[in-house]
Structures are given as structure tokens and as C-alpha cells.
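To be precise, the following lines are target-v8.cif, and they hold mmCIF, C-alpha atoms.
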```cif
data_query
#
loop_
_atom_site.group_PDB
_atom_site.id
_atom_site.type_symbol
_atom_site.label_atom_id
_atom_site.label_comp_id
_atom_site.auth_asym_id
_atom_site.auth_seq_id
_atom_site.Cartn_x
_atom_site.Cartn_y
_atom_site.Cartn_z
ATOM 1 C CA MET A 22 -5.232 9.187 17.418
ATOM 2 C CA HIS A 23 -6.302 12.414 19.094
ATOM 3 C CA HIS A 24 -9.551 11.037 20.492
ATOM 4 C CA LEU A 25 -7.652 8.138 22.091
ATOM 5 C CA GLY A 26 -4.880 10.328 23.440
ATOM 6 C CA ARG A 27 -2.218 7.978 22.083
ATOM 7 C CA LEU A 28 0.121 7.411 19.157
ATOM 8 C CA LEU A 29 -0.438 4.391 16.933
ATOM 9 C CA PRO A 30 2.522 3.759 14.594
ATOM 10 C CA GLY A 31 1.461 3.105 11.018
ATOM 11 C CA PHE A 32 4.617 1.575 9.511
ATOM 12 C CA ALA A 33 8.410 1.890 9.736
ATOM 13 C CA ASP A 34 11.614 0.839 7.981
ATOM 14 C CA VAL A 35 10.046 0.582 4.516
ATOM 15 C CA THR A 36 12.489 1.079 1.637
ATOM 16 C CA PHE A 37 11.995 0.563 -2.085
ATOM 17 C CA THR A 38 12.591 2.159 -5.469
ATOM 18 C CA LEU A 39 10.133 2.224 -8.335
ATOM 19 C CA GLY A 40 10.808 2.947 -11.981
ATOM 20 C CA ALA A 41 8.567 3.931 -14.871
ATOM 21 C CA GLY A 42 6.261 1.110 -15.908
ATOM 22 C CA GLU A 43 6.882 -0.938 -12.760
ATOM 23 C CA PHE A 44 4.136 -2.383 -10.558
ATOM 24 C CA LEU A 45 4.836 -2.798 -6.839
ATOM 25 C CA LEU A 46 2.402 -4.829 -4.724
ATOM 26 C CA LEU A 47 2.105 -4.052 -1.004
ATOM 27 C CA THR A 48 1.266 -7.098 1.091
ATOM 28 C CA GLY A 49 0.779 -7.807 4.796
ATOM 29 C CA GLU A 50 -1.971 -8.548 7.258
ATOM 30 C CA ASN A 51 -4.651 -6.068 8.265
ATOM 31 C CA GLY A 52 -3.214 -3.226 10.313
ATOM 32 C CA ALA A 53 0.291 -3.521 8.872
ATOM 33 C CA GLY A 54 0.087 -0.010 7.403
ATOM 34 C CA LYS A 55 -0.384 -0.676 3.695
ATOM 35 C CA SER A 56 -3.116 1.907 3.130
ATOM 36 C CA THR A 57 -1.359 4.347 5.446
ATOM 37 C CA LEU A 58 1.795 4.043 3.340
ATOM 38 C CA LEU A 59 -0.175 4.866 0.188
ATOM 39 C CA ARG A 60 -1.821 7.861 1.876
ATOM 40 C CA THR A 61 1.594 9.043 3.073
ATOM 41 C CA ILE A 62 3.042 8.931 -0.443
ATOM 42 C CA TYR A 63 -0.027 10.823 -1.654
ATOM 43 C CA ARG A 64 0.540 13.184 1.292
ATOM 44 C CA SER A 65 -2.853 12.760 2.924
ATOM 45 C CA CYS A 66 -0.747 11.758 5.948
ATOM 46 C CA LEU A 67 2.516 13.287 7.117
ATOM 47 C CA PRO A 68 5.302 10.854 8.048
ATOM 48 C CA GLY A 69 7.209 11.245 11.294
ATOM 49 C CA ALA A 70 10.529 10.602 9.547
ATOM 50 C CA GLY A 71 12.044 9.455 6.280
ATOM 51 C CA SER A 72 11.637 10.640 2.703
ATOM 52 C CA ALA A 73 9.705 9.808 -0.452
ATOM 53 C CA VAL A 74 11.629 11.186 -3.421
ATOM 54 C CA PHE A 75 9.599 11.592 -6.602
ATOM 55 C CA THR A 76 11.106 12.570 -9.953
ATOM 56 C CA MET A 77 8.770 14.912 -11.812
ATOM 57 C CA ALA A 78 8.135 15.034 -15.549
ATOM 58 C CA ASP A 79 10.594 17.897 -15.961
ATOM 59 C CA GLY A 80 13.382 15.872 -14.317
ATOM 60 C CA ARG A 81 13.397 17.691 -10.993
ATOM 61 C CA SER A 82 13.133 15.675 -7.761
ATOM 62 C CA ILE A 83 10.869 16.513 -4.854
ATOM 63 C CA ASP A 84 10.572 14.935 -1.411
ATOM 64 C CA LEU A 85 6.882 14.229 -0.973
ATOM 65 C CA ALA A 86 7.386 13.917 2.779
ATOM 66 C CA ARG A 87 8.474 17.549 3.064
ATOM 67 C CA ALA A 88 7.039 19.304 0.014
ATOM 68 C CA ALA A 89 4.824 22.357 0.396
ATOM 69 C CA ASP A 90 1.090 21.754 0.183
ATOM 70 C CA VAL A 91 0.847 23.887 -2.967
ATOM 71 C CA ASP A 92 3.379 21.625 -4.706
ATOM 72 C CA ILE A 93 1.445 18.516 -3.681
ATOM 73 C CA VAL A 94 -1.751 19.994 -5.119
ATOM 74 C CA GLU A 95 0.004 20.589 -8.439
ATOM 75 C CA LEU A 96 1.413 17.043 -8.524
ATOM 76 C CA ARG A 97 -2.053 15.610 -7.904
ATOM 77 C CA LYS A 98 -3.381 17.378 -10.994
ATOM 78 C CA GLY A 99 -1.476 15.147 -13.376
ATOM 79 C CA GLU A 100 1.573 13.363 -11.994
ATOM 80 C CA ILE A 101 0.261 11.381 -9.009
ATOM 81 C CA GLY A 102 -3.120 9.651 -8.871
ATOM 82 C CA PHE A 103 -4.897 7.762 -6.094
ATOM 83 C CA VAL A 104 -7.657 5.165 -6.500
ATOM 84 C CA THR A 105 -9.554 4.037 -3.408
ATOM 85 C CA GLN A 106 -12.563 1.765 -2.983
ATOM 86 C CA PHE A 107 -14.775 4.759 -2.206
ATOM 87 C CA LEU A 108 -16.223 7.463 -4.457
ATOM 88 C CA ASN A 109 -16.686 10.955 -3.076
ATOM 89 C CA ALA A 110 -19.694 11.718 -5.252
ATOM 90 C CA ARG A 111 -20.711 15.353 -5.410
ATOM 91 C CA PRO A 112 -24.451 16.095 -5.396
ATOM 92 C CA ARG A 113 -26.086 16.908 -8.750
ATOM 93 C CA VAL A 114 -22.987 16.032 -10.792
ATOM 94 C CA SER A 115 -23.548 13.255 -13.327
ATOM 95 C CA ALA A 116 -21.328 10.214 -13.747
ATOM 96 C CA GLU A 117 -20.087 11.332 -17.161
ATOM 97 C CA GLU A 118 -19.320 14.825 -15.863
ATOM 98 C CA LEU A 119 -17.295 13.421 -12.959
ATOM 99 C CA VAL A 120 -15.268 11.204 -15.276
ATOM 100 C CA ALA A 121 -14.724 13.943 -17.865
ATOM 101 C CA GLU A 122 -13.497 16.435 -15.268
ATOM 102 C CA PRO A 123 -9.805 15.312 -15.158
ATOM 103 C CA LEU A 124 -9.605 15.606 -18.950
ATOM 104 C CA LEU A 125 -11.112 19.090 -18.883
ATOM 105 C CA LEU A 126 -8.604 20.149 -16.226
ATOM 106 C CA ALA A 127 -5.837 18.819 -18.479
ATOM 107 C CA GLY A 128 -7.053 21.022 -21.337
ATOM 108 C CA SER A 129 -9.174 18.635 -23.412
ATOM 109 C CA ASP A 130 -12.107 19.888 -25.467
ATOM 110 C CA ARG A 131 -15.442 19.387 -23.671
ATOM 111 C CA GLU A 132 -16.955 17.110 -26.323
ATOM 112 C CA GLU A 133 -13.786 15.066 -26.590
ATOM 113 C CA ALA A 134 -13.650 14.722 -22.794
ATOM 114 C CA ARG A 135 -17.290 13.648 -22.663
ATOM 115 C CA ARG A 136 -16.756 11.022 -25.376
ATOM 116 C CA GLU A 137 -13.768 9.546 -23.583
ATOM 117 C CA ALA A 138 -15.659 9.597 -20.272
ATOM 118 C CA ARG A 139 -18.505 7.622 -21.820
ATOM 119 C CA ARG A 140 -16.052 5.154 -23.347
ATOM 120 C CA MET A 141 -14.455 4.546 -19.960
ATOM 121 C CA LEU A 142 -17.798 4.139 -18.204
ATOM 122 C CA GLY A 143 -18.831 1.632 -20.854
ATOM 123 C CA ALA A 144 -15.566 -0.275 -20.489
ATOM 124 C CA PHE A 145 -16.175 -0.706 -16.766
ATOM 125 C CA GLY A 146 -19.682 -1.973 -17.421
ATOM 126 C CA LEU A 147 -21.777 0.919 -16.139
ATOM 127 C CA LYS A 148 -25.148 0.886 -17.894
ATOM 128 C CA ARG A 149 -25.563 3.615 -20.506
ATOM 129 C CA ALA A 150 -28.785 4.802 -18.846
ATOM 130 C CA LEU A 151 -26.789 5.728 -15.725
ATOM 131 C CA TRP A 152 -24.171 7.891 -17.450
ATOM 132 C CA PRO A 153 -26.180 11.124 -17.060
ATOM 133 C CA ALA A 154 -27.411 10.137 -13.581
ATOM 134 C CA TYR A 155 -25.982 11.192 -10.213
ATOM 135 C CA PRO A 156 -23.551 8.623 -8.689
ATOM 136 C CA SER A 157 -24.701 9.624 -5.197
ATOM 137 C CA THR A 158 -27.791 7.497 -5.950
ATOM 138 C CA PHE A 159 -25.815 4.461 -7.205
ATOM 139 C CA SER A 160 -25.029 1.184 -5.472
ATOM 140 C CA GLY A 161 -21.528 0.654 -4.052
ATOM 141 C CA GLY A 162 -20.417 -1.383 -7.060
ATOM 142 C CA GLU A 163 -21.738 1.169 -9.539
ATOM 143 C CA GLN A 164 -20.063 4.007 -7.656
ATOM 144 C CA GLN A 165 -16.761 2.134 -7.760
ATOM 145 C CA LYS A 166 -17.009 1.827 -11.553
ATOM 146 C CA VAL A 167 -17.393 5.613 -11.775
ATOM 147 C CA ASN A 168 -14.529 6.038 -9.326
ATOM 148 C CA LEU A 169 -12.194 3.912 -11.448
ATOM 149 C CA ALA A 170 -13.232 5.527 -14.718
ATOM 150 C CA ARG A 171 -12.540 8.977 -13.261
ATOM 151 C CA ALA A 172 -9.182 7.990 -11.764
ATOM 152 C CA LEU A 173 -7.903 6.217 -14.877
ATOM 153 C CA VAL A 174 -9.301 8.355 -17.693
ATOM 154 C CA HIS A 175 -6.225 10.613 -17.573
ATOM 155 C CA PRO A 176 -3.261 8.425 -16.507
ATOM 156 C CA PRO A 177 -0.771 9.995 -14.080
ATOM 157 C CA ARG A 178 2.920 9.102 -13.950
ATOM 158 C CA LEU A 179 2.503 7.417 -10.536
ATOM 159 C CA LEU A 180 -0.719 5.628 -9.634
ATOM 160 C CA LEU A 181 -1.565 4.507 -6.088
ATOM 161 C CA LEU A 182 -4.249 1.814 -5.806
ATOM 162 C CA ASP A 183 -5.926 1.058 -2.474
ATOM 163 C CA GLU A 184 -8.215 -1.988 -2.790
ATOM 164 C CA PRO A 185 -9.719 -0.788 -6.100
ATOM 165 C CA THR A 186 -11.436 -4.115 -6.871
ATOM 166 C CA ALA A 187 -13.682 -4.000 -3.808
ATOM 167 C CA SER A 188 -17.364 -4.188 -4.822
ATOM 168 C CA LEU A 189 -16.519 -4.851 -8.485
ATOM 169 C CA ASP A 190 -18.088 -7.579 -10.603
ATOM 170 C CA ARG A 191 -16.064 -9.833 -12.908
ATOM 171 C CA THR A 192 -16.509 -7.605 -15.973
ATOM 172 C CA ALA A 193 -15.314 -4.513 -14.156
ATOM 173 C CA ARG A 194 -12.323 -6.341 -12.638
ATOM 174 C CA ALA A 195 -11.282 -7.537 -16.093
ATOM 175 C CA ALA A 196 -11.636 -4.005 -17.484
ATOM 176 C CA LEU A 197 -9.509 -2.660 -14.636
ATOM 177 C CA VAL A 198 -6.702 -5.155 -15.249
ATOM 178 C CA GLU A 199 -6.789 -4.383 -18.973
ATOM 179 C CA ARG A 200 -6.566 -0.652 -18.290
ATOM 180 C CA LEU A 201 -3.728 -1.091 -15.792
ATOM 181 C CA ALA A 202 -1.822 -3.252 -18.274
ATOM 182 C CA SER A 203 -2.170 -0.538 -20.906
ATOM 183 C CA MET A 204 -0.976 2.124 -18.467
ATOM 184 C CA LYS A 205 1.957 -0.027 -17.378
ATOM 185 C CA SER A 206 3.003 -0.447 -21.006
ATOM 186 C CA ALA A 207 2.817 3.338 -21.385
ATOM 187 C CA GLY A 208 5.269 3.806 -18.495
ATOM 188 C CA VAL A 209 2.938 4.505 -15.567
ATOM 189 C CA ALA A 210 4.466 3.387 -12.256
ATOM 190 C CA MET A 211 2.002 1.764 -9.845
ATOM 191 C CA ILE A 212 1.856 0.820 -6.171
ATOM 192 C CA GLY A 213 -1.123 -1.246 -5.128
ATOM 193 C CA VAL A 214 -2.915 -2.952 -2.259
ATOM 194 C CA PHE A 215 -5.304 -5.695 -3.349
ATOM 195 C CA HIS A 216 -7.527 -7.956 -1.261
ATOM 196 C CA HIS A 217 -7.306 -10.476 -4.108
ATOM 197 C CA PRO A 218 -3.762 -9.995 -5.490
ATOM 198 C CA GLU A 219 -4.363 -12.708 -8.077
ATOM 199 C CA ASP A 220 -6.389 -10.083 -9.973
ATOM 200 C CA VAL A 221 -3.181 -8.272 -10.924
ATOM 201 C CA ALA A 222 -0.599 -11.066 -10.576
ATOM 202 C CA PRO A 223 0.514 -10.855 -14.261
ATOM 203 C CA LEU A 224 1.303 -7.151 -13.825
ATOM 204 C CA VAL A 225 3.308 -7.315 -10.588
ATOM 205 C CA ASP A 226 7.076 -6.862 -10.855
ATOM 206 C CA ARG A 227 7.802 -7.338 -7.135
ATOM 207 C CA ASP A 228 6.177 -6.986 -3.741
ATOM 208 C CA VAL A 229 6.984 -5.385 -0.413
ATOM 209 C CA ARG A 230 5.575 -7.017 2.704
ATOM 210 C CA LEU A 231 4.728 -4.855 5.708
ATOM 211 C CA GLU A 232 4.629 -6.352 9.201
ATOM 212 C CA ARG A 233 2.492 -5.184 12.105
ATOM 213 C CA ARG A 234 4.545 -3.555 14.856
ATOM 214 C CA ARG A 235 3.283 -5.767 17.660
ATOM 215 C CA GLU A 236 5.881 -4.607 20.171
ATOM 216 C CA HIS A 237 4.239 -1.166 20.224
ATOM 217 C CA GLU A 238 0.766 -2.657 20.661
ATOM 218 C CA GLU A 239 1.968 -4.825 23.540
ATOM 219 C CA ALA A 240 3.701 -1.853 25.176
ATOM 220 C CA ASP A 241 0.496 0.181 24.928
ATOM 221 C CA ASP A 242 -1.493 -2.675 26.478
ATOM 222 C CA VAL A 243 0.927 -2.891 29.428
ATOM 223 C CA ALA A 244 0.786 0.903 29.886
ATOM 224 C CA GLU A 245 -2.981 0.774 30.089
#
```

Take the structure I supplied and represent it as C-alpha cells, if you would.
Amino acid sequence: MHHLGRLLPGFADVTFTLGAGEFLLLTGENGAGKSTLLRTIYRSCLPGAGSAVFTMADGRSIDLARAADVDIVELRKGEIGFVTQFLNARPRVSAEELVAEPLLLAGSDREEARREARRMLGAFGLKRALWPAYPSTFSGGEQQKVNLARALVHPPRLLLLDEPTASLDRTARAALVERLASMKSAGVAMIGVFHHPEDVAPLVDRDVRLERRREHEEADDVAE
């Protein structure tokens, strides 16, 4: 934390393997590093040590902890996806355009991409009248529906989920679980953090619990 002038450890000694079609649930109290671990795998954060070996579609392996930025960008286009509880809505871009964008980048025809985008928005319960509207004007729950539709319209091979059910109503939560179940059956590997893990309990293969590193916090307090 640069503005604090100190180091705050996120997590340590975490080891697991994940195969195609497996769902791993990350558990632990607030501050244990669950979201930080997801961001590190996605390479929004750089780890201080260790490795995160990912096997690509062509069979080659790459260490996400040390890969070049250009390689990470390419992996994010189709192999690794990240769903958060927040939508980064761009001004003057409609909901259906945002959701169709991943399909267009993957080479889909524009009309086909738009149809699938509308289907996904409908599945998550976003009102039809809002499809051509700008998500920057939506409520938090409505924005999250757009966020999920965009993230899941073109399934990656590894999906990272950081509290995706926040702000969602019952219909949208049910649609999310249904979509995740379909992706799991298709071989998508998933790692998730859920405030209400019962939402995805039938999908979970195993869990990894992270513990807060209290000895570092106590040492910092003494130093102060």
C-alpha cells in the first residue's frame, strides 16, 4: 500500500489443482485474500512468489505469475474470464452492444451476436426496454445483470467469479446458476468467491479455505 508506506500480505501458502469442468470455491473471512487470489490468477496483481500454471487450448503451459503482459491480454480474449460485482460501463454504449462485444471479438456475425446478447439479457431478467439503453444509467442490480451477461455470453476455459451474486434478485441468481451449470458441463473450470455459497452448492467440487495472516497484522501494530 504505497499511500500507507507499508506492505500488507494478501495470501500465502495456497496450493491447488483444477481440471476442466471443476468448480473450486474459495472460502475464508473478510481480509483473508480471496479476491486478491482471483485478481492474481487473472494477473491484475503480481504475486511476490510462487506460480500459477495454466494449460492453454493448444496444450502449451504458461505461468500466469511470470507471463508477459501481451500473453495475458491474449489469454483474456477467450481463455480466462473474470466476473466481478461491478460493471465498468462505458458512456453511450448500450447494454446489448456491451454484451455482444465478446462475441464480435471472437468472430461472430453482428446480427448473430446481437441476438445472443439479447437472449442472455432476457435470461438474467433485464427488461427488454433497457436493452438499447446505456447501463451507466442503470441501478446496481441492473448493471450486474449486464455484467454477467457480458462475461458469460462467450464462455472461457477458466472462469473467475468474485461475488457475482451481489445486488442480484432471485430470478437473476437462478439464471446465473443455470448458466454456470451449463458451462461446467461443457468443461469450463471455475474458481469462485460467493457471499452466499449456498447459491452454487450443487456445482462445487471442493473448497479451499484461506486464513488471515494475523501474525503480520500484529507485527505491524507493534511496529507502529

Applied to the shown file, which residues does the PyMOL selection byres ((chain A and resi 172-180) around 6) return, written as a PyMOL selection string? chain A and resi 99-103+169-171+181+209-211

Hits from the PyMOL selection byres ((chain A and resi 145) around 12), listed as a VMD selection string: chain A and resid 138 to 144 146 to 149 152 162 to 171 173 to 174 186 189 to 200

Evaluate the PyMOL selection byres ((chain A and resi 54-63) around 7) against this structure - the residues, as an mmCIF file with C-alpha atoms, in the coordinates of the input, please.
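Written out: expr07.cif:
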```cif
data_model
loop_
_atom_site.group_PDB
_atom_site.id
_atom_site.type_symbol
_atom_site.label_atom_id
_atom_site.label_comp_id
_atom_site.auth_asym_id
_atom_site.auth_seq_id
_atom_site.Cartn_x
_atom_site.Cartn_y
_atom_site.Cartn_z
ATOM 1 C CA GLY A 31 1.461 3.105 11.018
ATOM 2 C CA PHE A 32 4.617 1.575 9.511
ATOM 3 C CA LEU A 47 2.105 -4.052 -1.004
ATOM 4 C CA GLY A 52 -3.214 -3.226 10.313
ATOM 5 C CA ALA A 53 0.291 -3.521 8.872
ATOM 6 C CA ARG A 64 0.540 13.184 1.292
ATOM 7 C CA SER A 65 -2.853 12.760 2.924
ATOM 8 C CA CYS A 66 -0.747 11.758 5.948
ATOM 9 C CA LEU A 67 2.516 13.287 7.117
ATOM 10 C CA PRO A 68 5.302 10.854 8.048
ATOM 11 C CA ALA A 73 9.705 9.808 -0.452
ATOM 12 C CA LEU A 85 6.882 14.229 -0.973
ATOM 13 C CA LEU A 181 -1.565 4.507 -6.088
ATOM 14 C CA ASP A 183 -5.926 1.058 -2.474
ATOM 15 C CA VAL A 214 -2.915 -2.952 -2.259
ATOM 16 C CA LEU A 231 4.728 -4.855 5.708
#
```

Neighbour residues at most 7 Å from (-22.8, 9.1, -5.3) (only C-alpha atoms) as a PyMOL selection string: chain A and resi 108-111+155-159+164

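Distances from A:Pro153, A:Gly161, A:Gly213, A:Gly26 to Val114 in chain A were compared using all atoms listed in the file, and the smallest one belongs to A:Pro153.
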
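Proximity to Glu95 in chain A was assessed for A:Leu126, A:Ala116, A:Ala121, A:Val74 counting all atoms listed in the file; the smallest distance is recorded for A:Leu126.
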
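Atom pair CA of Glu184 in chain A / CA of Arg227 in chain A: separated by 17.4 Å.
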